[in-house]
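Source file: model.csv (CSV, C-alpha atoms)
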```csv
chain,number,residue,atom,x,y,z
A,1,MET,CA,14.2,50.9,31.2
A,2,ARG,CA,14.6,51.9,27.6
A,3,LYS,CA,15.1,49.0,25.2
A,4,LEU,CA,18.5,49.2,23.5
A,5,PHE,CA,19.5,48.2,20.0
A,6,SER,CA,21.5,44.9,20.3
A,7,VAL,CA,23.0,44.6,16.8
A,8,THR,CA,26.7,45.5,16.8
A,9,PHE,CA,28.7,47.7,14.5
A,10,GLU,CA,30.5,44.7,13.1
A,11,GLU,CA,27.2,43.0,12.2
A,12,VAL,CA,26.0,46.2,10.4
A,13,VAL,CA,29.1,46.6,8.3
A,14,SER,CA,29.8,42.9,7.7
A,15,VAL,CA,30.5,41.7,4.2
A,16,GLU,CA,27.4,39.5,4.5
A,17,ASN,CA,25.1,42.4,5.4
A,18,LEU,CA,26.7,44.5,2.6
A,19,CYS,CA,26.1,41.8,0.1
A,20,GLU,CA,22.4,41.3,1.2
A,21,ALA,CA,22.0,45.1,1.2
A,22,TRP,CA,23.3,45.1,-2.4
A,23,GLN,CA,20.6,42.7,-3.5
A,24,GLU,CA,18.0,45.0,-2.1
A,25,PHE,CA,19.5,48.1,-3.4
A,26,ILE,CA,19.9,46.9,-7.0
A,27,ARG,CA,16.3,46.1,-7.6
A,28,GLY,CA,15.1,48.2,-10.5
A,29,LYS,CA,18.4,50.0,-10.9
A,30,ARG,CA,20.5,47.7,-13.1
A,31,LYS,CA,20.2,50.0,-16.1
A,32,LYS,CA,21.5,53.0,-14.3
A,33,LYS,CA,24.9,54.1,-15.5
A,34,ASP,CA,26.4,54.6,-12.1
A,35,VAL,CA,25.2,51.3,-10.9
A,36,GLN,CA,26.6,49.5,-14.0
A,37,GLU,CA,30.0,51.1,-13.3
A,38,PHE,CA,29.9,50.0,-9.7
A,39,ILE,CA,29.0,46.4,-10.8
A,40,LEU,CA,32.2,46.2,-12.9
A,41,ARG,CA,34.2,45.9,-9.7
A,42,LEU,CA,31.5,44.8,-7.3
A,43,GLY,CA,33.5,42.4,-5.2
A,44,ASP,CA,36.4,44.9,-4.8
A,45,GLN,CA,33.9,47.7,-4.1
A,46,ILE,CA,32.2,45.8,-1.3
A,47,ALA,CA,35.5,44.6,0.2
A,48,ASP,CA,36.9,48.1,0.1
A,49,LEU,CA,33.8,49.6,1.7
A,50,HIS,CA,33.9,47.0,4.5
A,51,GLN,CA,37.5,47.6,5.1
A,52,ASN,CA,37.1,51.4,5.2
A,53,LEU,CA,34.2,51.0,7.7
A,54,MET,CA,36.1,48.6,9.9
A,55,ASN,CA,39.2,50.8,9.9
A,56,GLY,CA,37.3,53.9,10.7
A,57,ASP,CA,38.5,55.4,7.4
A,58,TYR,CA,35.0,55.7,5.8
A,59,ALA,CA,34.1,59.2,4.7
A,60,HIS,CA,30.7,60.0,3.1
A,61,SER,CA,31.0,61.6,-0.4
A,62,ASP,CA,29.3,64.7,-1.6
A,63,TYR,CA,25.7,64.6,-2.9
A,64,LEU,CA,24.5,65.2,-6.4
A,65,TYR,CA,21.8,67.9,-6.3
A,66,PHE,CA,18.8,68.1,-8.6
A,67,ARG,CA,15.2,69.4,-8.3
A,68,ILE,CA,11.9,67.6,-9.1
A,69,ASN,CA,8.3,68.7,-9.1
A,70,ASP,CA,6.3,66.2,-7.0
A,71,PRO,CA,3.9,68.1,-7.2
A,72,LYS,CA,5.7,71.1,-5.7
A,73,PRO,CA,9.4,71.7,-6.3
A,74,ARG,CA,11.6,69.6,-4.1
A,75,ASP,CA,15.3,69.6,-3.7
A,76,ILE,CA,16.8,66.1,-4.0
A,77,HIS,CA,20.3,65.3,-2.9
A,78,LYS,CA,21.5,61.9,-4.2
A,79,ALA,CA,24.5,60.0,-2.7
A,80,ASN,CA,26.8,57.9,-4.9
A,81,VAL,CA,26.2,54.2,-5.2
A,82,ARG,CA,28.9,53.3,-2.6
A,83,ASP,CA,27.2,55.5,0.1
A,84,ARG,CA,23.7,54.3,-0.9
A,85,LEU,CA,24.8,50.7,-0.4
A,86,MET,CA,26.0,51.6,3.0
A,87,HIS,CA,22.7,53.4,3.8
A,88,HIS,CA,20.8,50.1,2.8
A,89,ALA,CA,23.1,48.1,5.1
A,90,ILE,CA,22.3,50.4,8.0
A,91,HIS,CA,18.6,50.5,7.2
A,92,ARG,CA,18.1,46.7,7.0
A,93,LYS,CA,19.5,46.3,10.5
A,94,LEU,CA,18.0,49.3,12.2
A,95,TYR,CA,14.5,49.3,10.8
A,96,PRO,CA,13.3,46.0,12.3
A,97,PHE,CA,14.2,47.3,15.8
A,98,PHE,CA,12.8,50.9,15.5
A,99,ALA,CA,9.7,49.8,13.7
A,100,LYS,CA,8.6,48.0,16.9
A,101,LEU,CA,8.9,51.3,18.8
A,102,PHE,CA,6.7,53.2,16.4
A,103,VAL,CA,3.0,53.8,17.4
A,104,ALA,CA,0.4,52.0,15.3
A,105,ASP,CA,-0.9,55.2,13.9
A,106,SER,CA,2.3,56.4,12.2
A,107,PHE,CA,2.6,55.7,8.5
A,108,SER,CA,5.0,56.3,5.6
A,109,CYS,CA,8.2,54.4,4.6
A,110,GLN,CA,7.3,51.4,6.8
A,111,ALA,CA,6.5,47.9,5.8
A,112,ASP,CA,2.7,47.5,5.1
A,113,LYS,CA,2.1,51.0,6.3
A,114,GLY,CA,2.0,53.1,3.2
A,115,LEU,CA,-0.4,55.7,1.8
A,116,HIS,CA,-3.3,53.3,1.3
A,117,ARG,CA,-3.1,52.0,4.9
A,118,ALA,CA,-3.0,55.6,6.1
A,119,LEU,CA,-6.2,56.4,4.1
A,120,GLU,CA,-7.9,53.4,5.5
A,121,ARG,CA,-7.0,54.4,9.0
A,122,PHE,CA,-8.4,57.9,8.5
A,123,GLU,CA,-11.7,56.3,7.5
A,124,ILE,CA,-11.7,54.0,10.5
A,125,LEU,CA,-11.0,56.9,12.9
A,126,ALA,CA,-13.6,59.1,11.3
A,127,ARG,CA,-16.3,56.4,11.7
A,128,LYS,CA,-15.4,55.9,15.4
A,129,VAL,CA,-15.4,59.7,16.2
A,130,SER,CA,-18.6,60.3,14.3
A,131,ARG,CA,-20.2,57.1,15.6
A,132,ASN,CA,-20.9,56.0,12.0
A,133,ASN,CA,-21.7,59.5,10.9
A,134,THR,CA,-24.4,60.2,13.5
A,135,ARG,CA,-22.5,63.1,15.2
A,136,THR,CA,-20.1,65.9,14.1
A,137,CYS,CA,-16.5,64.9,13.6
A,138,TRP,CA,-14.1,67.8,13.9
A,139,ILE,CA,-10.6,67.3,12.4
A,140,LEU,CA,-7.5,69.3,13.2
A,141,LYS,CA,-5.1,69.0,10.2
A,142,CYS,CA,-1.4,70.0,10.7
A,143,ASP,CA,1.8,70.1,8.6
A,144,ILE,CA,5.3,70.8,9.6
A,145,ARG,CA,7.2,73.6,7.9
A,146,LYS,CA,10.1,72.4,5.8
A,147,PHE,CA,10.3,69.2,7.7
A,148,PHE,CA,13.3,67.4,6.3
A,149,ALA,CA,15.3,70.6,6.1
A,150,SER,CA,14.5,71.4,9.7
A,151,ILE,CA,15.6,68.2,11.4
A,152,ASP,CA,18.2,69.2,14.0
A,153,HIS,CA,21.4,67.1,13.8
A,154,HIS,CA,22.2,67.4,17.5
A,155,ILE,CA,18.7,66.3,18.5
A,156,MET,CA,18.6,63.4,16.1
A,157,ILE,CA,22.0,62.2,17.3
A,158,ASP,CA,20.8,62.4,20.9
A,159,ILE,CA,17.7,60.4,20.2
A,160,LEU,CA,19.8,57.7,18.6
A,161,ARG,CA,22.3,57.8,21.5
A,162,GLY,CA,19.4,56.9,23.8
A,163,ARG,CA,18.8,53.7,21.9
A,164,ILE,CA,22.2,52.6,20.5
A,165,ALA,CA,24.9,51.6,23.0
A,166,ASP,CA,27.5,50.6,20.5
A,167,SER,CA,29.8,53.7,20.2
A,168,ARG,CA,31.2,52.7,16.8
A,169,LEU,CA,27.7,52.3,15.3
A,170,HIS,CA,26.5,55.5,16.8
A,171,ASN,CA,29.6,57.3,15.3
A,172,LEU,CA,28.8,55.9,11.9
A,173,LEU,CA,25.2,57.1,12.1
A,174,GLU,CA,26.4,60.5,13.2
A,175,ARG,CA,28.7,60.6,10.2
A,176,VAL,CA,25.7,59.9,7.9
A,177,ILE,CA,23.5,62.5,9.6
A,178,ARG,CA,26.3,65.2,9.4
A,179,SER,CA,27.1,64.4,5.7
A,180,PHE,CA,24.4,66.9,4.7
A,181,GLU,CA,23.2,70.3,5.8
A,182,ALA,CA,20.3,72.4,4.5
A,183,ARG,CA,21.7,75.1,6.9
A,184,PRO,CA,24.3,74.8,9.7
A,185,GLY,CA,23.4,71.8,11.9
A,186,LYS,CA,20.0,71.2,10.2
A,187,GLY,CA,18.5,69.0,7.6
A,188,ILE,CA,18.6,65.5,6.2
A,189,PRO,CA,18.5,64.8,2.4
A,190,LEU,CA,15.3,63.6,0.8
A,191,GLY,CA,17.2,61.1,-1.4
A,192,ASN,CA,18.6,58.9,1.3
A,193,LEU,CA,16.9,55.7,2.5
A,194,THR,CA,18.3,56.3,5.9
A,195,SER,CA,16.6,59.7,5.9
A,196,GLN,CA,13.2,58.1,5.8
A,197,LEU,CA,14.1,56.0,8.8
A,198,PHE,CA,15.6,58.9,10.7
A,199,ALA,CA,12.5,61.0,10.0
A,200,ASN,CA,10.3,58.4,11.5
A,201,ILE,CA,12.6,58.0,14.6
A,202,TYR,CA,12.6,61.8,15.0
A,203,MET,CA,8.8,62.1,14.8
A,204,ASN,CA,8.3,59.0,17.0
A,205,GLU,CA,9.1,61.3,19.9
A,206,PHE,CA,6.1,63.4,18.9
A,207,ASP,CA,3.9,60.4,18.4
A,208,TRP,CA,4.5,59.2,21.9
A,209,PHE,CA,3.9,62.7,23.3
A,210,VAL,CA,0.5,62.8,21.5
A,211,LYS,CA,-0.5,59.3,22.7
A,212,HIS,CA,0.8,59.4,26.2
A,213,GLU,CA,1.2,63.0,27.3
A,214,ILE,CA,-1.8,64.8,25.8
A,215,GLN,CA,-3.6,61.4,25.3
A,216,MET,CA,-5.1,62.1,21.9
A,217,LYS,CA,-6.7,58.8,20.9
A,218,TYR,CA,-7.8,59.7,17.4
A,219,TYR,CA,-4.6,60.6,15.7
A,220,ALA,CA,-2.7,59.6,12.6
A,221,ARG,CA,0.5,60.8,11.0
A,222,TYR,CA,2.0,60.2,7.5
A,223,ALA,CA,5.5,61.7,7.4
A,224,ASP,CA,5.0,65.4,8.4
A,225,ASP,CA,1.2,65.5,7.8
A,226,PHE,CA,-0.9,64.6,10.7
A,227,ILE,CA,-4.5,64.8,11.9
A,228,PHE,CA,-6.4,64.8,15.2
A,229,MET,CA,-10.1,64.0,15.4
A,230,SER,CA,-12.7,64.8,18.1
A,231,HIS,CA,-16.4,65.4,18.4
A,232,ASP,CA,-15.4,68.5,20.5
A,233,ARG,CA,-13.9,71.4,18.6
A,234,SER,CA,-12.8,73.1,21.8
A,235,GLU,CA,-10.7,70.0,22.8
A,236,LEU,CA,-8.7,70.3,19.5
A,237,LEU,CA,-8.2,74.1,20.0
A,238,LYS,CA,-7.1,73.5,23.6
A,239,ARG,CA,-4.5,70.9,22.5
A,240,LEU,CA,-3.0,73.0,19.6
A,241,PRO,CA,-0.7,75.2,21.7
A,242,ARG,CA,0.8,72.1,23.4
A,243,ILE,CA,1.3,70.4,20.1
A,244,ALA,CA,3.1,73.5,18.7
A,245,ALA,CA,5.1,73.8,21.9
A,246,PHE,CA,6.4,70.2,21.8
A,247,LEU,CA,7.3,70.4,18.2
A,248,SER,CA,9.3,73.6,18.9
A,249,GLU,CA,10.9,72.2,22.1
A,250,PRO,CA,12.4,69.6,22.2
A,251,LEU,CA,12.2,68.9,18.4
A,252,ALA,CA,13.1,72.4,17.0
A,253,LEU,CA,10.3,72.1,14.4
A,254,SER,CA,7.4,74.4,13.6
A,255,LEU,CA,3.9,74.1,12.2
A,256,HIS,CA,3.3,75.5,8.8
A,257,PRO,CA,1.1,78.5,9.5
A,258,LYS,CA,-0.9,78.2,6.2
A,259,LYS,CA,-1.5,74.4,6.6
A,260,VAL,CA,-3.1,74.2,10.0
A,261,PHE,CA,-6.9,74.2,10.1
A,262,ILE,CA,-9.9,72.7,11.9
A,263,LYS,CA,-12.9,71.6,9.8
A,264,THR,CA,-15.8,69.2,10.0
A,265,LEU,CA,-15.6,65.9,8.1
A,266,ALA,CA,-18.9,66.9,6.5
A,267,SER,CA,-17.4,70.0,4.9
A,268,GLY,CA,-14.6,67.9,3.3
A,269,VAL,CA,-11.0,67.5,4.7
A,270,ASP,CA,-8.0,67.4,2.4
A,271,PHE,CA,-5.5,64.8,3.6
A,272,LEU,CA,-3.0,62.8,1.6
A,273,GLY,CA,-4.2,63.8,-1.9
A,274,TRP,CA,-7.9,63.1,-1.2
A,275,VAL,CA,-10.7,65.2,0.1
A,276,HIS,CA,-12.6,63.1,2.6
A,277,PHE,CA,-16.3,63.2,3.4
A,278,PRO,CA,-18.5,61.1,5.7
A,279,HIS,CA,-19.4,58.5,3.0
A,280,HIS,CA,-16.8,58.9,0.3
A,281,ARG,CA,-13.5,60.6,-0.7
A,282,VAL,CA,-12.7,62.4,-4.0
A,283,LEU,CA,-9.4,63.1,-5.6
A,284,ARG,CA,-7.9,66.5,-4.7
A,285,THR,CA,-8.3,68.9,-7.7
A,286,LYS,CA,-4.5,69.6,-7.9
A,287,THR,CA,-3.8,65.9,-7.9
A,288,LYS,CA,-6.3,65.4,-10.7
A,289,ILE,CA,-4.8,68.1,-12.8
A,290,ARG,CA,-1.3,66.8,-12.2
A,291,MET,CA,-2.4,63.2,-13.1
A,292,ASN,CA,-4.1,64.4,-16.4
A,293,ARG,CA,-1.0,66.4,-17.3
A,294,ARG,CA,1.4,63.5,-16.8
A,295,VAL,CA,-0.8,61.0,-18.6
A,296,ASN,CA,-1.1,63.4,-21.6
A,297,LEU,CA,2.6,63.9,-21.7
A,298,CYS,CA,3.9,60.3,-21.5
A,299,GLN,CA,0.8,58.1,-22.4
A,300,ASP,CA,2.4,54.8,-21.4
A,301,SER,CA,0.4,51.9,-19.9
A,302,GLN,CA,2.6,51.5,-16.9
A,303,THR,CA,1.9,55.1,-15.7
A,304,ILE,CA,-1.8,54.7,-16.4
A,305,GLU,CA,-2.0,51.4,-14.5
A,306,SER,CA,-0.2,53.1,-11.5
A,307,TYR,CA,-2.8,55.8,-11.5
A,308,LEU,CA,-5.6,53.3,-11.8
A,309,GLY,CA,-4.3,51.6,-8.7
A,310,MET,CA,-4.4,55.0,-6.9
A,311,LEU,CA,-7.9,55.8,-8.1
A,312,SER,CA,-9.2,52.5,-6.8
A,313,HIS,CA,-9.0,53.8,-3.3
A,314,GLY,CA,-11.6,56.5,-3.7
A,315,ASP,CA,-14.6,57.6,-5.6
A,316,ALA,CA,-13.3,58.2,-9.1
A,317,TYR,CA,-15.4,56.0,-11.4
A,318,LYS,CA,-15.3,58.4,-14.4
A,319,LEU,CA,-11.6,59.1,-14.1
A,320,SER,CA,-10.9,55.4,-13.9
A,321,ARG,CA,-13.1,54.6,-16.8
A,322,ASP,CA,-11.4,57.2,-19.0
A,323,LEU,CA,-7.9,55.9,-18.0
A,324,THR,CA,-8.9,52.3,-18.6
A,325,ASN,CA,-10.1,53.2,-22.1
A,326,LEU,CA,-6.8,55.0,-22.8
A,327,CYS,CA,-4.8,52.1,-21.5
A,328,TRP,CA,-6.8,49.7,-23.8
A,329,LEU,CA,-6.1,52.0,-26.8
A,330,LEU,CA,-2.4,52.1,-26.1
A,331,ALA,CA,-2.3,48.3,-25.8
A,332,SER,CA,-4.1,47.8,-29.1
A,333,LYS,CA,-1.6,50.0,-31.1
```
Would you write out, as structure tokens, the structure that this file holds?
Amino acid sequence: MRKLFSVTFEEVVSVENLCEAWQEFIRGKRKKKDVQEFILRLGDQIADLHQNLMNGDYAHSDYLYFRINDPKPRDIHKANVRDRLMHHAIHRKLYPFFAKLFVADSFSCQADKGLHRALERFEILARKVSRNNTRTCWILKCDIRKFFASIDHHIMIDILRGRIADSRLHNLLERVIRSFEARPGKGIPLGNLTSQLFANIYMNEFDWFVKHEIQMKYYARYADDFIFMSHDRSELLKRLPRIAAFLSEPLALSLHPKKVFIKTLASGVDFLGWVHFPHHRVLRTKTKIRMNRRVNLCQDSQTIESYLGMLSHGDAYKLSRDLTNLCWLLASK
């Protein structure tokens, strides 16, 4: 019997939960103009939002659109402060329940399961498959084409219906999902906190298929990037059609034709910004170029320290040394 979410609609939209969600939301955002405007009538804003939700009068506002390069161009759709507060209230109640359903080898936008944990897991899996680099480790690397823009609203809503019995809560989640479309009936916005959770819930269906249906033991996923490992290349080739078929039906997703490959670990496998080898990993060339460009443009110590933290997870002694020297020079000015 499937475990159901037990928290009620009333608990999710309660004033107490909205206030606690506000404390989480506001971290690092106090200087934003729209946040400062919202704070001027904070008590009334939270009370009005609560009342609208309870009365069934809540309507999601339009999104503010802008584009970023991170590193490739991405379309970002940003909700207003009121809606983002509501997203946080939903996330803080739903995430603890759904996180327990996620497989151990899924990463991204989860507590203590970020990029660095995913890189560590890659290394552990590679050592197991290669038996400490004593035999060939084959890696099938896949990427989903236009992942966020391709998530099907109807499928997402049905997945949630299978776990959430409270009809009012389910209707609220459906309203959030349908508040945005990349094309009719498809897509969730990159800018929403709830989108990160919905994406993991959506892909959890695939994770369970991988682990229990095709029984791929050596697998890891970070958002829409995922890898399979085996000492047998033919095993990976045999599984690929079933992987593509499950993504297509029932999830209405497709693999990116230019981002699916099978390589040996010894030849170097590009995954999550690093090129991995049996005994080390090096920064992807594009990532290195982007890092150097950004450092040269802004030259602030906070940015440099952030990159130093990233470089500490691979073999990048010379890059780290150069950045450390630059950081020291900036601090001494």
Please measure the separation of atom CA of Phe98 of chain A and atom CA of Leu49 of chain A, giving the value in Å to one decimal. 25.2 Å
Atomic distance atom CA of Asp166 of chain A - atom CA of Gly185 of chain A, expressed in Å with one decimal: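 Computing the Euclidean distance for atom CA of Asp166 of chain A and atom CA of Gly185 of chain A yields 23.2 Å.
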I need the residue nearest Ser108 of chain A from this list: A:Asp232, A:Gly273, A:Val282, A:Tyr222. Use all atoms listed in the file for the distance.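 Closest to Ser108 of chain A, using all atoms listed in the file: A:Tyr222.
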Find the spatial neighbours of Arg2 of chain A, counting all atoms listed in the file, within a cut-off of 12 Å - ignore same-chain residues fewer than 5 positions away - and output them as a PyMOL selection string. chain A and resi 101+159-165
Taking into account all atoms listed in the file, which residue in the set A:Lys3, A:Arg281, A:His170, A:Lys146 is nearest to Ile188 of chain A? A:Lys146
